[in-house]
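Q: Pasting in a structure now, in structure tokens, and then I'll have a few things to ask.
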Amino acid sequence: MLNVLYEDQEIIVVVKPAGVESQAAKKFAPDMLSEIKKHMVIHKSCTPGKEPYVAVIHRLDKPVSGVMVYAKTKKAAAALSEQVQNRKMDKFYEAVLCGKPVNNVDNFVDYLKKSVDGNYSQIVDKGENESKRAELSYELLKTVETEAGVLSHVRIHLLTGRHHQIRVQFSGHDLPLYGDGRYNPMFVGKREPLALCAVSQAFDHPTTGKRMEFSIKPSGGAFRLFS
């Protein structure tokens, strides 16, 4: 069942589960777009007989859970997309890292480039063709000692939205995410949940202009070690 945090005529704010695509999925895999449209039909929050309008404003990687906002009108979609472009939409994440950061609070600025097939990204030199600036800041919340070594729970403020950004940047700084089978060699070929969750999102309502914020707590997987 769709976990709806807020809904009105313009927007709908939901919690995306890990393992579900945030936009239209290929074949018959579940995706948030389809689930939201189904929800709107069931609750009669769209024009009868017409396919509901739902616009994707931002994306989360398939293995990442968290808060997402979707637009229900073209006007709302344009207003929210403009906030994303102008960095007026604040997005915070929590993650579990393998290792301990040198600094309790820090800022990462790197340049990322996607692979030709679009499945991976990597840190490259500034100025390299097709590279994009990526920036985030983080705060260390807690560390624990485990059989696998030191794990760190961090809160992240994502300042740009690049492909696999959080996963790539922390991996590039020798702090790969727990459960990341793509950028953490320790988890390649394993089915451990990725310890990354979009815990908070704030934006201005596209019609009223009121500042709105929605938050959840991460759960499951490695996050249990810090509860």
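Naming scheme: A, B, ... for chains in displayed order of the structure tokens; residues 1 onward per chain; ligands 1 onward as shown.
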Based on the backbone DSSP call, show me all residues of chain A assigned strand (DSSP E or B), as a PyMOL selection string.

A: chain A and resi 3-7+11-16+21+31+55-56+65-71+90-98+105-114+121-124+132-146+149-158+177+196-204+211-215

Q: Could those residues be written to a file, using C-alpha atoms, as a JSON list (two decimals), in the first residue's frame?

A:
```json
[["chain", "number", "residue", "atom", "x", "y", "z"],
["A", 3, "ASN", "CA", 2.63, 5.38, 2.10],
["A", 4, "VAL", "CA", 1.29, 8.92, 1.61],
["A", 5, "LEU", "CA", 2.66, 11.67, 3.88],
["A", 6, "TYR", "CA", 0.67, 14.51, 2.29],
["A", 7, "GLU", "CA", -1.64, 15.10, -0.66],
["A", 11, "ILE", "CA", 1.17, 17.60, -5.09],
["A", 12, "ILE", "CA", 1.56, 14.25, -3.39],
["A", 13, "VAL", "CA", 4.38, 13.40, -0.98],
["A", 14, "VAL", "CA", 5.12, 9.71, -0.49],
["A", 15, "VAL", "CA", 7.69, 7.29, 0.94],
["A", 16, "LYS", "CA", 9.41, 5.23, -1.74],
["A", 21, "GLU", "CA", 11.75, 2.48, -9.26],
["A", 31, "ASP", "CA", 7.21, 1.67, -9.83],
["A", 55, "ALA", "CA", 5.13, 14.29, -12.96],
["A", 56, "VAL", "CA", 8.47, 13.05, -11.62],
["A", 65, "SER", "CA", 14.18, 4.41, 0.24],
["A", 66, "GLY", "CA", 12.85, 7.77, 1.27],
["A", 67, "VAL", "CA", 10.67, 10.86, 0.91],
["A", 68, "MET", "CA", 9.66, 11.98, -2.59],
["A", 69, "VAL", "CA", 7.32, 14.66, -3.94],
["A", 70, "TYR", "CA", 5.40, 14.28, -7.21],
["A", 71, "ALA", "CA", 3.37, 16.92, -9.04],
["A", 90, "ASP", "CA", 16.43, 20.90, 0.48],
["A", 91, "LYS", "CA", 17.14, 17.17, 0.58],
["A", 92, "PHE", "CA", 18.70, 15.34, 3.52],
["A", 93, "TYR", "CA", 19.78, 11.71, 3.67],
["A", 94, "GLU", "CA", 21.10, 9.33, 6.29],
["A", 95, "ALA", "CA", 23.61, 6.61, 5.49],
["A", 96, "VAL", "CA", 25.82, 4.01, 7.13],
["A", 97, "LEU", "CA", 29.45, 4.17, 6.02],
["A", 98, "CYS", "CA", 32.16, 1.53, 6.25],
["A", 105, "VAL", "CA", 31.49, 17.65, 9.90],
["A", 106, "ASP", "CA", 32.76, 18.18, 6.37],
["A", 107, "ASN", "CA", 31.95, 19.19, 2.80],
["A", 108, "PHE", "CA", 32.80, 17.18, -0.33],
["A", 109, "VAL", "CA", 33.19, 18.84, -3.73],
["A", 110, "ASP", "CA", 34.08, 16.53, -6.61],
["A", 111, "TYR", "CA", 33.52, 16.18, -10.34],
["A", 112, "LEU", "CA", 31.58, 13.13, -11.50],
["A", 113, "LYS", "CA", 31.25, 11.50, -14.89],
["A", 114, "LYS", "CA", 28.82, 8.77, -15.93],
["A", 121, "SER", "CA", 29.66, 7.17, -12.19],
["A", 122, "GLN", "CA", 33.16, 7.99, -11.06],
["A", 123, "ILE", "CA", 35.17, 10.91, -9.69],
["A", 124, "VAL", "CA", 37.29, 12.56, -12.38],
["A", 132, "LYS", "CA", 29.66, 17.62, -13.53],
["A", 133, "ARG", "CA", 30.30, 19.34, -10.21],
["A", 134, "ALA", "CA", 28.97, 17.41, -7.21],
["A", 135, "GLU", "CA", 28.68, 18.84, -3.71],
["A", 136, "LEU", "CA", 27.37, 17.56, -0.38],
["A", 137, "SER", "CA", 27.96, 18.16, 3.30],
["A", 138, "TYR", "CA", 27.68, 15.66, 6.11],
["A", 139, "GLU", "CA", 27.55, 15.36, 9.89],
["A", 140, "LEU", "CA", 28.74, 12.30, 11.79],
["A", 141, "LEU", "CA", 26.00, 11.10, 14.16],
["A", 142, "LYS", "CA", 27.44, 7.95, 15.70],
["A", 143, "THR", "CA", 29.98, 5.14, 15.21],
["A", 144, "VAL", "CA", 29.86, 1.49, 16.25],
["A", 145, "GLU", "CA", 32.42, -1.33, 16.27],
["A", 146, "THR", "CA", 31.32, -4.48, 14.42],
["A", 149, "GLY", "CA", 34.97, -3.01, 11.30],
["A", 150, "VAL", "CA", 33.90, 0.49, 12.28],
["A", 151, "LEU", "CA", 30.57, 1.69, 10.86],
["A", 152, "SER", "CA", 29.49, 5.33, 10.87],
["A", 153, "HIS", "CA", 25.98, 6.78, 10.81],
["A", 154, "VAL", "CA", 25.93, 10.12, 9.00],
["A", 155, "ARG", "CA", 23.38, 12.76, 8.01],
["A", 156, "ILE", "CA", 23.93, 14.23, 4.55],
["A", 157, "HIS", "CA", 22.78, 17.47, 2.97],
["A", 158, "LEU", "CA", 22.73, 16.90, -0.78],
["A", 177, "LEU", "CA", 28.23, 2.82, 1.93],
["A", 196, "LEU", "CA", 20.92, 4.97, 2.39],
["A", 197, "CYS", "CA", 17.61, 6.74, 3.02],
["A", 198, "ALA", "CA", 16.20, 10.11, 1.91],
["A", 199, "VAL", "CA", 15.01, 11.14, 5.35],
["A", 200, "SER", "CA", 13.87, 14.73, 4.83],
["A", 201, "GLN", "CA", 12.70, 17.04, 2.08],
["A", 202, "ALA", "CA", 11.68, 20.69, 2.22],
["A", 203, "PHE", "CA", 10.23, 22.90, -0.51],
["A", 204, "ASP", "CA", 7.82, 25.76, -1.14],
["A", 211, "ARG", "CA", 7.46, 26.20, 3.16],
["A", 212, "MET", "CA", 6.76, 22.51, 3.73],
["A", 213, "GLU", "CA", 8.99, 19.84, 5.26],
["A", 214, "PHE", "CA", 8.49, 16.09, 5.52],
["A", 215, "SER", "CA", 10.70, 13.68, 7.45]]
```

Q: Quick one: DSSP alpha helix (DSSP H) residues in range 33-144 of chain A, as an NGL selection string?

A: :A and (33-42 or 74-85)

Q: Here is a test: counting only C-alpha atoms, which residue of A:Ser115, A:Thr207, A:Gln23, A:Gln83 is nearest to Glu10 in chain A?

A: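 Among the listed residues, the smallest separation from Glu10 in chain A belongs to A:Thr207.
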
Q: Quick one: residues within 9 Å of His39 in chain A, only C-alpha atoms counted, chain neighbours fewer than 5 positions away excluded, as a list of chain:residue names?

A: A:Met1, A:Leu2, A:Ser34, A:Lys44, A:Ser45

Q: Any chance you can output those residues with C-alpha atoms as a CSV table (one decimal), in the first residue's frame?

A:
```
chain,number,residue,atom,x,y,z
A,1,MET,CA,0.0,0.0,0.0
A,2,LEU,CA,1.2,3.5,-0.9
A,34,SER,CA,2.1,3.6,-11.4
A,44,LYS,CA,-11.1,9.6,-7.0
A,45,SER,CA,-8.5,12.5,-6.9
```

Q: At what distance in Å, to one decimal, does CA of Ile166 in chain A lie from CA of Lys72 in chain A?

A: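 Calculated distance between CA of Lys72 in chain A and CA of Ile166 in chain A is 28.3 Å.
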
Q: Out of A:Thr208, A:Arg87, A:Asn129, A:Leu194, which residue has the shortest atom-to-atom distance to Phe223 in chain A when counting only C-alpha atoms?

A: A:Leu194
